[in-house]
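Participant: CSV, C-alpha atoms, file input-v1.csv:
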chain,number,residue,atom,x,y,z
G,1,MET,CA,-23.2,-39.7,-7.3
G,2,SER,CA,-25.2,-42.4,-5.5
G,3,LEU,CA,-24.4,-43.4,-1.9
G,4,TYR,CA,-23.2,-46.8,-3.2
G,5,ARG,CA,-20.9,-45.3,-5.9
G,6,GLU,CA,-19.6,-42.7,-3.4
G,7,ARG,CA,-18.7,-45.4,-0.8
G,8,VAL,CA,-17.0,-47.5,-3.4
G,9,HIS,CA,-14.9,-44.6,-4.6
G,10,ARG,CA,-13.8,-43.7,-1.1
G,11,GLY,CA,-13.1,-47.3,-0.3
G,12,SER,CA,-10.8,-47.5,-3.3
G,13,ALA,CA,-8.8,-44.5,-2.0
G,14,ARG,CA,-8.3,-46.1,1.4
G,15,ALA,CA,-7.3,-49.4,-0.1
G,16,THR,CA,-4.5,-47.7,-2.0
G,17,VAL,CA,-3.0,-46.7,1.4
G,18,LEU,CA,-3.5,-50.2,2.7
G,19,ARG,CA,-1.5,-51.8,-0.1
G,20,THR,CA,1.5,-49.9,1.2
G,21,VAL,CA,1.5,-52.0,4.3
G,22,GLY,CA,3.4,-55.3,4.3
G,23,THR,CA,1.2,-58.1,2.8
G,24,ARG,CA,2.9,-61.1,4.3
G,25,GLU,CA,3.0,-60.2,8.0
G,26,ARG,CA,2.0,-63.2,10.1
G,27,ARG,CA,0.1,-62.7,13.3
G,28,SER,CA,-1.0,-65.2,15.9
G,29,HIS,CA,-4.7,-65.3,16.6
G,30,LEU,CA,-3.7,-64.8,20.3
G,31,THR,CA,-2.3,-61.3,19.6
G,32,ALA,CA,-4.8,-60.3,16.9
G,33,PRO,CA,-7.0,-57.3,17.7
G,34,ARG,CA,-10.3,-58.2,19.3
G,35,VAL,CA,-12.3,-56.3,16.8
G,36,PRO,CA,-15.4,-57.3,14.7
G,37,THR,CA,-14.7,-58.6,11.2
G,38,VAL,CA,-16.8,-59.8,8.3
G,39,GLY,CA,-16.6,-63.3,7.0
G,40,ILE,CA,-17.9,-64.2,3.5
G,41,ASP,CA,-18.6,-67.8,2.5
G,42,ILE,CA,-19.0,-68.2,-1.3
G,43,GLY,CA,-20.4,-71.4,-2.6
G,44,GLY,CA,-22.0,-72.6,-5.8
G,45,THR,CA,-25.5,-71.7,-4.7
G,46,LYS,CA,-25.2,-69.0,-2.0
G,47,VAL,CA,-23.1,-66.1,-0.7
G,48,MET,CA,-23.3,-65.8,3.1
G,49,ALA,CA,-21.9,-62.8,5.0
G,50,GLY,CA,-21.7,-62.2,8.7
G,51,VAL,CA,-20.1,-59.9,11.3
G,52,VAL,CA,-18.2,-62.1,13.8
G,53,ASP,CA,-16.7,-61.0,17.1
G,54,ALA,CA,-13.3,-62.2,18.5
G,55,ASP,CA,-15.0,-65.1,20.3
G,56,GLY,CA,-16.6,-66.5,17.2
G,57,ASN,CA,-20.1,-65.2,17.9
G,58,ILE,CA,-22.1,-64.1,14.9
G,59,LEU,CA,-23.5,-60.6,15.5
G,60,GLU,CA,-25.4,-60.4,12.2
G,61,LYS,CA,-25.7,-62.6,9.1
G,62,LEU,CA,-26.9,-62.0,5.6
G,63,ARG,CA,-27.4,-64.5,2.8
G,64,THR,CA,-28.2,-64.2,-0.9
G,65,GLU,CA,-28.1,-66.5,-3.9
G,66,THR,CA,-24.8,-66.8,-5.8
G,67,PRO,CA,-25.2,-65.0,-9.2
G,68,ASP,CA,-25.4,-67.2,-12.2
G,69,LYS,CA,-21.9,-68.8,-12.7
G,70,SER,CA,-22.1,-67.9,-16.4
G,71,LYS,CA,-21.9,-64.2,-15.5
G,72,SER,CA,-18.6,-62.3,-15.2
G,73,PRO,CA,-16.7,-62.6,-11.9
G,74,LYS,CA,-17.4,-58.9,-11.3
G,75,VAL,CA,-21.1,-59.8,-10.7
G,76,VAL,CA,-20.1,-62.0,-7.7
G,77,GLU,CA,-17.7,-59.2,-6.5
G,78,ASP,CA,-20.5,-56.7,-6.7
G,79,THR,CA,-22.6,-59.0,-4.5
G,80,ILE,CA,-19.8,-59.3,-1.9
G,81,THR,CA,-19.3,-55.6,-1.9
G,82,GLU,CA,-23.0,-54.8,-1.4
G,83,LEU,CA,-23.2,-57.3,1.5
G,84,VAL,CA,-20.1,-55.9,3.2
G,85,LEU,CA,-21.3,-52.3,2.8
G,86,ASP,CA,-24.7,-53.2,4.1
G,87,LEU,CA,-23.2,-54.8,7.3
G,88,SER,CA,-20.8,-51.9,7.7
G,89,ASP,CA,-23.7,-49.5,8.1
G,90,ARG,CA,-24.5,-51.1,11.4
G,91,HIS,CA,-21.1,-52.4,12.6
G,92,ASP,CA,-17.6,-51.1,12.9
G,93,VAL,CA,-15.9,-53.6,10.5
G,94,HIS,CA,-12.1,-53.8,10.6
G,95,ALA,CA,-11.3,-56.5,8.0
G,96,VAL,CA,-13.1,-58.8,5.6
G,97,GLY,CA,-12.3,-62.5,5.2
G,98,ILE,CA,-13.4,-64.5,2.1
G,99,GLY,CA,-13.8,-68.3,2.1
G,100,ALA,CA,-14.0,-69.3,-1.6
G,101,ALA,CA,-15.0,-72.7,-2.9
G,102,GLY,CA,-11.9,-73.0,-5.2
G,103,TRP,CA,-8.1,-73.1,-5.3
G,104,VAL,CA,-6.5,-70.0,-3.8
G,105,ASP,CA,-2.8,-69.2,-4.5
G,106,ALA,CA,-0.2,-69.3,-1.7
G,107,ASP,CA,-0.3,-65.5,-1.4
G,108,ARG,CA,-4.1,-65.7,-0.7
G,109,ASN,CA,-4.8,-63.2,-3.4
G,110,ARG,CA,-5.9,-65.1,-6.5
G,111,VAL,CA,-8.6,-67.7,-6.9
G,112,LEU,CA,-6.8,-70.0,-9.4
G,113,PHE,CA,-9.9,-72.1,-10.2
G,114,ALA,CA,-13.4,-72.3,-8.9
G,115,PRO,CA,-15.5,-75.2,-10.2
G,116,HIS,CA,-18.8,-73.6,-9.5
G,117,LEU,CA,-18.0,-70.0,-10.5
G,118,SER,CA,-16.4,-68.2,-13.4
G,119,TRP,CA,-13.2,-67.5,-11.5
G,120,ARG,CA,-10.0,-68.4,-13.4
G,121,ASN,CA,-6.8,-66.8,-11.9
G,122,GLU,CA,-8.9,-64.1,-10.5
G,123,PRO,CA,-7.2,-61.4,-8.3
G,124,LEU,CA,-10.1,-61.4,-5.9
G,125,ARG,CA,-8.3,-59.9,-2.9
G,126,ASP,CA,-6.9,-56.9,-4.7
G,127,ARG,CA,-10.1,-56.2,-6.6
G,128,LEU,CA,-12.1,-56.2,-3.4
G,129,ALA,CA,-9.5,-54.2,-1.5
G,130,GLU,CA,-9.9,-51.5,-4.2
G,131,ARG,CA,-13.6,-51.3,-3.4
G,132,LEU,CA,-13.8,-51.8,0.4
G,133,ALA,CA,-12.4,-49.6,3.1
G,134,VAL,CA,-10.6,-52.4,5.1
G,135,PRO,CA,-8.0,-55.2,4.5
G,136,VAL,CA,-9.2,-58.3,2.7
G,137,MET,CA,-8.1,-61.8,3.3
G,138,VAL,CA,-8.9,-64.7,0.8
G,139,ASP,CA,-8.6,-68.4,1.5
G,140,ASN,CA,-10.1,-71.7,0.5
G,141,ASP,CA,-13.5,-72.3,2.2
G,142,ALA,CA,-12.4,-75.6,3.7
G,143,ASN,CA,-9.3,-73.9,5.2
G,144,ALA,CA,-11.6,-71.3,6.8
G,145,ALA,CA,-14.0,-73.9,8.1
G,146,ALA,CA,-11.1,-76.0,9.6
G,147,TRP,CA,-9.8,-72.8,11.3
G,148,ALA,CA,-13.2,-72.1,12.8
G,149,GLU,CA,-13.6,-75.7,14.1
G,150,TRP,CA,-10.1,-75.5,15.7
G,151,ARG,CA,-10.7,-72.2,17.3
G,152,PHE,CA,-14.3,-72.5,18.4
G,153,GLY,CA,-15.7,-76.0,17.6
G,154,ALA,CA,-15.0,-79.7,17.5
G,155,GLY,CA,-11.3,-79.3,17.0
G,156,ARG,CA,-10.5,-77.2,20.0
G,157,GLY,CA,-7.4,-78.4,21.8
G,158,GLU,CA,-6.1,-80.5,18.9
G,159,ASP,CA,-2.5,-79.9,17.6
G,160,HIS,CA,-2.9,-81.9,14.4
G,161,LEU,CA,-6.3,-81.7,12.8
G,162,VAL,CA,-7.7,-82.7,9.4
G,163,MET,CA,-11.1,-81.4,8.3
G,164,ILE,CA,-13.1,-83.0,5.6
G,165,THR,CA,-16.1,-81.1,4.1
G,166,LEU,CA,-18.7,-83.2,2.4
G,167,GLY,CA,-21.0,-81.3,0.2
G,168,THR,CA,-21.5,-81.4,-3.6
G,169,GLY,CA,-17.9,-82.7,-3.6
G,170,ILE,CA,-15.2,-83.2,-1.0
G,171,GLY,CA,-13.0,-80.4,0.3
G,172,GLY,CA,-10.4,-80.6,3.0
G,173,ALA,CA,-7.9,-78.8,5.1
G,174,ILE,CA,-4.8,-79.5,7.3
G,175,LEU,CA,-4.1,-77.7,10.5
G,176,GLU,CA,-0.9,-78.2,12.6
G,177,ASP,CA,0.2,-76.3,15.6
G,178,GLY,CA,-2.1,-73.4,15.0
G,179,GLN,CA,-1.3,-73.0,11.3
G,180,VAL,CA,-3.3,-73.9,8.2
G,181,LYS,CA,-1.0,-75.9,5.9
G,182,ARG,CA,-1.7,-74.6,2.4
G,183,GLY,CA,1.2,-76.2,0.6
G,184,LYS,CA,3.8,-74.6,-1.7
G,185,TYR,CA,1.3,-73.3,-4.2
G,186,GLY,CA,-1.7,-72.9,-1.8
G,187,VAL,CA,-3.8,-75.8,-3.0
G,188,ALA,CA,-3.2,-78.4,-0.3
G,189,GLY,CA,-6.2,-80.3,1.1
G,190,GLU,CA,-8.0,-81.1,-2.2
G,191,PHE,CA,-8.6,-84.6,-0.8
G,192,GLY,CA,-11.7,-85.1,-3.0
G,193,HIS,CA,-9.6,-85.6,-6.0
G,194,MET,CA,-7.4,-88.4,-4.7
G,195,GLN,CA,-8.0,-91.4,-7.0
G,196,VAL,CA,-9.5,-94.3,-5.1
G,197,VAL,CA,-11.0,-96.3,-8.1
G,198,PRO,CA,-8.8,-96.5,-11.2
G,199,ALA,CA,-11.0,-96.0,-14.3
G,200,GLY,CA,-13.9,-95.3,-12.0
G,201,HIS,CA,-16.7,-92.7,-12.3
G,202,ARG,CA,-15.7,-89.6,-14.4
G,203,CYS,CA,-15.1,-86.5,-12.2
G,204,PRO,CA,-15.7,-82.9,-13.3
G,205,CYS,CA,-12.0,-82.3,-12.6
G,206,GLY,CA,-11.3,-84.4,-15.7
G,207,ASN,CA,-10.0,-87.5,-14.0
G,208,ARG,CA,-11.7,-90.8,-13.2
G,209,GLY,CA,-12.3,-92.5,-9.8
G,210,CYS,CA,-11.9,-89.5,-7.6
G,211,TRP,CA,-12.8,-90.0,-3.9
G,212,GLU,CA,-15.6,-87.4,-4.1
G,213,GLN,CA,-17.3,-89.6,-6.8
G,214,TYR,CA,-17.9,-92.2,-4.1
G,215,SER,CA,-18.3,-90.2,-0.9
G,216,SER,CA,-20.1,-86.9,-1.4
G,217,GLY,CA,-23.5,-85.3,-1.8
G,218,ASN,CA,-23.3,-85.8,-5.6
G,219,ALA,CA,-22.5,-89.5,-5.2
G,220,LEU,CA,-25.3,-90.0,-2.8
G,221,VAL,CA,-27.9,-88.4,-5.1
G,222,ARG,CA,-26.5,-90.1,-8.2
G,223,GLU,CA,-26.9,-93.5,-6.7
G,224,ALA,CA,-30.5,-92.8,-5.4
G,225,ARG,CA,-31.6,-91.4,-8.8
G,226,GLU,CA,-30.1,-94.3,-10.7
G,227,LEU,CA,-32.0,-96.8,-8.5
G,228,ALA,CA,-35.2,-94.7,-8.9
G,229,ALA,CA,-34.7,-94.4,-12.7
G,230,ALA,CA,-34.4,-98.2,-12.9
G,231,GLU,CA,-37.6,-98.5,-10.9
G,232,SER,CA,-35.8,-100.7,-8.4
G,233,PRO,CA,-38.2,-102.2,-5.8
G,234,VAL,CA,-36.0,-100.8,-3.0
G,235,ALA,CA,-36.6,-97.2,-4.4
G,236,TYR,CA,-40.4,-97.2,-4.2
G,237,GLY,CA,-40.4,-95.2,-1.0
G,238,ILE,CA,-38.4,-92.3,-2.4
G,239,ILE,CA,-40.2,-92.5,-5.8
G,240,ASP,CA,-43.5,-92.1,-4.0
G,241,ARG,CA,-42.1,-89.2,-1.9
G,242,VAL,CA,-41.1,-87.2,-5.0
G,243,GLY,CA,-44.2,-88.2,-7.0
G,244,GLY,CA,-42.2,-89.9,-9.6
G,245,ASN,CA,-40.1,-86.8,-10.4
G,246,ILE,CA,-36.7,-88.2,-10.0
G,247,SER,CA,-35.0,-84.8,-10.4
G,248,GLU,CA,-36.4,-83.8,-7.1
G,249,ILE,CA,-34.4,-86.4,-5.2
G,250,THR,CA,-31.8,-84.5,-3.1
G,251,GLY,CA,-29.3,-85.3,-0.4
G,252,PRO,CA,-31.4,-83.8,2.5
G,253,LEU,CA,-34.4,-85.8,1.3
G,254,ILE,CA,-32.4,-89.0,1.4
G,255,THR,CA,-31.2,-88.2,4.9
G,256,GLU,CA,-34.7,-87.4,6.0
G,257,LEU,CA,-36.0,-90.8,4.7
G,258,ALA,CA,-33.1,-92.6,6.2
G,259,ARG,CA,-34.0,-91.2,9.6
G,260,GLU,CA,-37.5,-92.4,9.0
G,261,GLY,CA,-36.1,-95.9,8.4
G,262,ASP,CA,-36.2,-96.2,4.6
G,263,ALA,CA,-34.0,-99.2,4.0
G,264,MET,CA,-32.5,-97.9,0.7
G,265,CYS,CA,-31.6,-94.5,2.0
G,266,VAL,CA,-30.0,-96.1,5.1
G,267,GLU,CA,-28.0,-98.3,2.8
G,268,LEU,CA,-26.9,-95.5,0.6
G,269,LEU,CA,-25.6,-93.5,3.5
G,270,GLN,CA,-23.8,-96.6,4.8
G,271,ASP,CA,-22.1,-96.9,1.4
G,272,ILE,CA,-21.1,-93.3,1.4
G,273,GLY,CA,-19.8,-93.6,5.0
G,274,GLN,CA,-17.7,-96.7,4.1
G,275,TRP,CA,-16.0,-94.9,1.3
G,276,LEU,CA,-15.5,-92.0,3.7
G,277,GLY,CA,-13.8,-94.3,6.2
G,278,VAL,CA,-11.5,-95.7,3.5
G,279,GLY,CA,-10.4,-92.3,2.4
G,280,ILE,CA,-9.8,-91.2,6.0
G,281,ALA,CA,-7.6,-94.2,6.6
G,282,ASN,CA,-5.5,-93.2,3.6
G,283,LEU,CA,-5.2,-89.7,5.0
G,284,ALA,CA,-4.2,-91.1,8.4
G,285,ALA,CA,-1.4,-93.1,6.7
G,286,ALA,CA,-0.1,-90.0,5.0
G,287,LEU,CA,-0.7,-87.3,7.7
G,288,ASP,CA,-1.2,-89.0,11.0
G,289,PRO,CA,-3.5,-86.4,12.7
G,290,SER,CA,-5.0,-86.7,16.1
G,291,CYS,CA,-8.5,-85.8,14.9
G,292,PHE,CA,-10.7,-85.8,11.7
G,293,VAL,CA,-13.5,-83.3,11.8
G,294,ILE,CA,-16.3,-84.1,9.3
G,295,GLY,CA,-18.3,-81.1,8.1
G,296,GLY,CA,-20.4,-80.0,5.1
G,297,GLY,CA,-24.0,-80.5,4.3
G,298,VAL,CA,-23.8,-84.3,4.1
G,299,SER,CA,-22.5,-84.5,7.7
G,300,ALA,CA,-26.1,-83.7,8.8
G,301,ALA,CA,-26.8,-87.4,8.5
G,302,ASP,CA,-24.8,-87.8,11.8
G,303,ASP,CA,-24.2,-91.4,12.8
G,304,LEU,CA,-26.0,-92.8,9.8
G,305,LEU,CA,-22.9,-91.6,7.9
G,306,ILE,CA,-20.2,-91.2,10.5
G,307,GLY,CA,-20.8,-94.6,12.2
G,308,PRO,CA,-20.1,-96.6,9.0
G,309,ALA,CA,-17.1,-94.3,8.4
G,310,ARG,CA,-15.6,-95.1,11.8
G,311,ASP,CA,-16.1,-98.8,11.2
G,312,ALA,CA,-14.4,-98.7,7.7
G,313,PHE,CA,-11.6,-96.6,9.1
G,314,ARG,CA,-10.8,-99.1,11.8
G,315,ARG,CA,-10.9,-102.0,9.2
G,316,THR,CA,-8.6,-100.3,6.7
G,317,LEU,CA,-6.2,-98.3,8.9
G,318,THR,CA,-2.6,-99.2,8.2
G,319,GLY,CA,-1.0,-100.7,11.3
G,320,ARG,CA,-4.4,-101.2,12.9
G,321,GLY,CA,-4.1,-102.6,16.4
G,322,TYR,CA,-0.6,-101.3,16.8
G,323,ARG,CA,-1.0,-97.5,16.6
G,324,PRO,CA,-3.2,-94.9,18.2
G,325,GLU,CA,-6.4,-94.1,16.3
G,326,ALA,CA,-7.4,-90.6,15.4
G,327,ARG,CA,-10.8,-89.4,16.6
G,328,ILE,CA,-13.5,-88.9,13.9
G,329,VAL,CA,-16.0,-86.3,15.0
G,330,LYS,CA,-18.7,-84.2,13.4
G,331,ALA,CA,-18.1,-80.5,13.0
G,332,GLN,CA,-20.0,-78.3,15.5
G,333,LEU,CA,-20.4,-75.0,13.7
G,334,GLY,CA,-22.6,-76.2,10.9
G,335,PRO,CA,-23.0,-74.2,7.7
G,336,GLU,CA,-21.6,-71.1,9.3
G,337,ALA,CA,-18.1,-72.6,9.9
G,338,GLY,CA,-16.6,-71.2,6.7
G,339,MET,CA,-18.0,-67.7,7.4
G,340,VAL,CA,-16.8,-67.7,11.0
G,341,GLY,CA,-13.3,-69.0,10.1
G,342,ALA,CA,-12.9,-66.5,7.3
G,343,ALA,CA,-13.8,-63.7,9.7
G,344,ASP,CA,-11.4,-64.9,12.3
G,345,LEU,CA,-8.6,-65.3,9.9
G,346,ALA,CA,-9.3,-61.7,8.7
G,347,ARG,CA,-8.6,-60.5,12.3
G,348,LEU,CA,-5.0,-61.5,11.7
G,349,VAL,CA,-4.7,-58.7,9.1
G,350,ALA,CA,-6.9,-56.2,10.8
G,351,ARG,CA,-3.9,-54.7,12.6
G,352,ARG,CA,-2.5,-53.6,9.3
G,353,PHE,CA,-5.4,-51.2,8.8
G,354,ARG,CA,-5.4,-49.9,12.4
G,355,ARG,CA,-1.7,-49.1,12.3
G,356,ALA,CA,-1.7,-47.6,8.8
G,357,ASN,CA,-4.7,-45.5,9.6
G,358,ARG,CA,-3.2,-44.3,12.9
G,359,ARG,CA,0.0,-43.2,11.0
G,360,ARG,CA,-2.1,-41.4,8.5
G,361,VAL,CA,-4.1,-39.6,11.2
G,362,GLU,CA,-0.8,-38.5,12.9
G,363,ARG,CA,0.6,-37.2,9.6
G,364,TYR,CA,-2.5,-35.2,8.8
G,365,GLU,CA,-2.8,-33.9,12.3
G,366,ARG,CA,0.8,-32.6,12.1
G,367,ALA,CA,-0.2,-31.0,8.8
G,368,GLY,CA,-3.2,-29.4,10.5
G,369,ALA,CA,-5.9,-31.4,8.6
G,370,THR,CA,-8.0,-34.5,9.2
G,371,PRO,CA,-9.2,-36.1,6.0
G,372,TRP,CA,-12.5,-38.0,5.7
G,373,LEU,CA,-10.5,-41.2,5.3
G,374,ALA,CA,-8.7,-40.9,8.7
G,375,SER,CA,-11.6,-39.6,10.7
G,376,ARG,CA,-14.0,-42.2,9.4
G,377,GLY,CA,-11.6,-45.0,10.0
G,378,GLN,CA,-11.0,-43.9,13.6
G,379,ALA,CA,-14.6,-43.3,14.5
G,380,GLY,CA,-16.1,-46.2,12.7
G,381,ARG,CA,-19.2,-46.1,10.5
G,382,GLN,CA,-22.0,-44.3,12.3
As a first step, turn the structure in this file into structure tokens.
Facilitator:
Amino acid sequence: MSLYRERVHRGSARATVLRTVGTRERRSHLTAPRVPTVGIDIGGTKVMAGVVDADGNILEKLRTETPDKSKSPKVVEDTITELVLDLSDRHDVHAVGIGAAGWVDADRNRVLFAPHLSWRNEPLRDRLAERLAVPVMVDNDANAAAWAEWRFGAGRGEDHLVMITLGTGIGGAILEDGQVKRGKYGVAGEFGHMQVVPAGHRCPCGNRGCWEQYSSGNALVREARELAAAESPVAYGIIDRVGGNISEITGPLITELAREGDAMCVELLQDIGQWLGVGIANLAAALDPSCFVIGGGVSAADDLLIGPARDAFRRTLTGRGYRPEARIVKAQLGPEAGMVGAADLARLVARRFRRANRRRVERYERAGATPWLASRGQAGRQ
């Protein structure tokens, strides 16, 4: 039996024991064990894994491309398993947290739907727990990122925080009094699919006029490519940059040209920012947080995006002039936020393994035997 297959088999045996421990125990981050955990951030293009300590420091990070979404979910699960086993060779890992770009159920076990992967009602937590030797926690990637920013980044000290992640689409999360608000069915925070323009652009979700069709990386690139395809005079700069190959126009390129002063790219970011501010004002009317944290790849445009968003927010906020205004700030942890947050949330379940393993050690010691499972769990991977 290969080393990989042997480790998977042993991990499955230990996971069987872990499932006997209560699955709904809630632990404050203040009392969670200060042990290293692995965070996994799964997106449409990459899988990033890292070992994170109790202070949010990344001890080691690995990254690989996401397997083709047309393949079976098991292919992605294989990738996650390989990354965790690789990291566990060099670190004493006590739990694994998964931040998935999709809807996760209220029990944080199943990925109900992932737009960029072939996950449909997939029992991701249980399947990975059968293969890994530690507890597994699964959550939405935006929830994980919001937790990281609240614990270690731009949202520290805030009691009521809303995070908005601008990438291919728009994700979001709500955090109040140290708790991520996931909703009755686990899918709260899907702000990108609020309708802002009736009968507007068609969204992959099936509806029209969703917010992410007007304020996201996809919206930014779509507008730039449409202008370039029409050979608009304002698009000559970006057309020259890509040598006439319109398919090479990307969000990072638009941001780069905007920083260099390209008028069209500056205007496109302003448009995206204004739509962002309108959506934030709507969220403020519904949720009234003290702080909005803006993350995701598009937030790299900094004040080219966030400046117009603040202006539009102030213009459209309900009760403007007669109520306190929430802060709008850029996320501090960058693309690692989801990974760091998933790892930190996993620390809340790490105690389950430590307690269960300790009880098993005591039982086997009383019986005069120490199995591989208990001794390896106590000593850590060498």
Participant: For CA of Ala114 in chain G and CA of Ala100 in chain G, quote the distance in Å rounded to one decimal.
Facilitator: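 Separation of CA of Ala114 in chain G and CA of Ala100 in chain G: 7.9 Å.
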Participant: May I have the residues at most 12 Å from (1.9, -101.3, 7.1) in the file's coordinates, counting all atoms listed in the file, as a PyMOL selection string?
Facilitator: chain G and resi 281-282+284-286+316-323
Participant: Write the residues of the preceding selection, restricted to C-alpha atoms, as a PDB file, in the frame of the given file.
Facilitator:
ATOM      1  CA  ALA G 281      -7.600 -94.200   6.600  1.00  0.00           C
ATOM      2  CA  ASN G 282      -5.500 -93.200   3.600  1.00  0.00           C
ATOM      3  CA  ALA G 284      -4.200 -91.100   8.400  1.00  0.00           C
ATOM      4  CA  ALA G 285      -1.400 -93.100   6.700  1.00  0.00           C
ATOM      5  CA  ALA G 286      -0.100 -90.000   5.000  1.00  0.00           C
ATOM      6  CA  THR G 316      -8.600-100.300   6.700  1.00  0.00           C
ATOM      7  CA  LEU G 317      -6.200 -98.300   8.900  1.00  0.00           C
ATOM      8  CA  THR G 318      -2.600 -99.200   8.200  1.00  0.00           C
ATOM      9  CA  GLY G 319      -1.000-100.700  11.300  1.00  0.00           C
ATOM     10  CA  ARG G 320      -4.400-101.200  12.900  1.00  0.00           C
ATOM     11  CA  GLY G 321      -4.100-102.600  16.400  1.00  0.00           C
ATOM     12  CA  TYR G 322      -0.600-101.300  16.800  1.00  0.00           C
ATOM     13  CA  ARG G 323      -1.000 -97.500  16.600  1.00  0.00           C
TER      14      ARG G 323
END
Participant: Give me the residues near Ser215 in chain G as a list in words, where near means some atom within 9 Å (using all atoms listed in the file) and where sequence neighbours in that chain fewer than 3 positions away do not count.
Facilitator: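 Everything that qualifies: Leu166, Gly169, Ile170, Gly192, Trp211, Glu212, Asn218, Ala219, Leu220, Asp271, Ile272, Gly273, Gln274, Trp275, Leu276 and Gly279 of chain G.
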Participant: Could you state the separation of CA of His94 in chain G and CA of Val35 in chain G in Å, given to one decimal place?
Facilitator: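 Computing the Euclidean distance for CA of His94 in chain G and CA of Val35 in chain G yields 6.7 Å.
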Participant: May I have the residues within 6 Å of range 46-54 of chain G as a list in words, using only C-alpha atoms and disregarding those fewer than 6 positions away in the same chain?
Facilitator: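 With the cut-off at 6 Å, the set is Arg34, Pro36, Thr37, Val38, Gly39, Ile40, Glu60, Lys61, Leu62, Arg63, Thr64, Glu65 and Thr66 of chain G.
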Participant: Using all atoms listed in the file, I'd like a table of the residues in range 162-267 of chain G that come within 8 Å of range 289-310 of chain G; for each, show the closest atom pair and its distance in Å rounded to one decimal, ordered by chain and ascending number, as a Markdown table.
Facilitator:
| residue | atom | partner | partner_atom | distance |
| --- | --- | --- | --- | --- |
| G:Val162 | CA | G:Phe292 | CA | 4.9 |
| G:Met163 | CA | G:Val293 | CA | 4.6 |
| G:Ile164 | CA | G:Ile294 | CA | 5.0 |
| G:Thr165 | CA | G:Gly296 | CA | 4.5 |
| G:Leu166 | CA | G:Gly296 | CA | 4.5 |
| G:Gly167 | CA | G:Gly296 | CA | 5.1 |
| G:Ser216 | CA | G:Val298 | CA | 7.1 |
| G:Gly217 | CA | G:Val298 | CA | 6.0 |
| G:Gly251 | CA | G:Val298 | CA | 7.2 |
| G:Pro252 | CA | G:Val298 | CA | 7.8 |
| G:Thr255 | CA | G:Ala301 | CA | 5.7 |
| G:Ala258 | CA | G:Leu304 | CA | 8.0 |
| G:Val266 | CA | G:Leu304 | CA | 7.0 |
Participant: Find the residues around Ala229 in chain G up to 12 Å (only C-alpha atoms counted), leave out those fewer than 6 positions away in its own chain, and share them as a PyMOL selection string.
Facilitator: chain G and resi 221-223+235-236+238-239+244-247+249
Participant: Point out the residue among G:Ala133, G:Leu287, G:Ala148, G:Leu83 with the least atom-to-atom distance to Ala331 in chain G, counting only C-alpha atoms.
Facilitator: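 Among G:Ala133, G:Leu287, G:Ala148, G:Leu83, it is G:Ala148 that comes nearest to Ala331 in chain G.
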Participant: From the set G:Arg108, G:Glu130, G:Asp141, G:Pro135, which residue has the shortest atom-to-atom contact distance to Gly338 in chain G, counting all atoms listed in the file?
Facilitator: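 Among G:Arg108, G:Glu130, G:Asp141, G:Pro135, it is G:Asp141 that comes nearest to Gly338 in chain G.
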Participant: Using all atoms listed in the file, find the one residue out of G:Gly206, G:Gly277, G:Gly178, G:Gly200 that sits nearest to Trp147 in chain G.
Facilitator: G:Gly178
Participant: I'd like the contact shell of range 174-176 of chain G - 8 Å cut-off, all atoms listed in the file, skipping same-chain residues fewer than 3 positions apart - returned as a short mmCIF file (atom, residue, chain, number, x, y, z; two decimals) with C-alpha atoms, in the coordinates of the input.
Facilitator:
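Output contents, as saved in out_7.cif:
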data_model
loop_
_atom_site.label_atom_id
_atom_site.label_comp_id
_atom_site.auth_asym_id
_atom_site.auth_seq_id
_atom_site.Cartn_x
_atom_site.Cartn_y
_atom_site.Cartn_z
CA ASN G 143 -9.30 -73.90 5.20
CA ALA G 146 -11.10 -76.00 9.60
CA TRP G 147 -9.80 -72.80 11.30
CA ASP G 159 -2.50 -79.90 17.60
CA HIS G 160 -2.90 -81.90 14.40
CA LEU G 161 -6.30 -81.70 12.80
CA VAL G 162 -7.70 -82.70 9.40
CA MET G 163 -11.10 -81.40 8.30
CA GLN G 179 -1.30 -73.00 11.30
CA VAL G 180 -3.30 -73.90 8.20
CA LYS G 181 -1.00 -75.90 5.90
CA ARG G 182 -1.70 -74.60 2.40
CA ALA G 188 -3.20 -78.40 -0.30
CA GLY G 189 -6.20 -80.30 1.10
#
Participant: Record the distance separating CA of Ile58 in chain G and CA of Leu132 in chain G, expressed in Å with one decimal.
Facilitator: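 So the two atoms, CA of Ile58 in chain G and CA of Leu132 in chain G, lie 20.7 Å apart.
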Participant: Could you check the closest approach to Arg208 in chain G for each of G:Val138, G:Leu59, G:Leu269, G:Val196 and tell me which residue wins, using all atoms listed in the file?
Facilitator: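 Using all atoms listed in the file, the shortest distance to Arg208 in chain G belongs to G:Val196.
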Participant: Could you tell me which of G:Val111, G:Ala154, G:Ile254, G:Ile328 comes closest to Asn140 in chain G if we count all atoms listed in the file?
Facilitator: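 Smallest separation from Asn140 in chain G among the options: G:Val111.
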Participant: Put the listed atoms of range 152-162 of chain G in a box along x, y and z with 5 Å added on every side and give me the centre and edge lengths in Å to one decimal, as AutoDock Vina command-line options.
Facilitator:
--center_x -9.1 --center_y -77.6 --center_z 15.6 --size_x 23.2 --size_y 20.2 --size_z 22.4
Participant: Ranking G:Ser72, G:Asn207, G:Gln270, G:Ser88 by minimum distance to Asp311 in chain G and counting only C-alpha atoms, which one comes first?
Facilitator: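 Closest to Asp311 in chain G, using only C-alpha atoms: G:Gln270.
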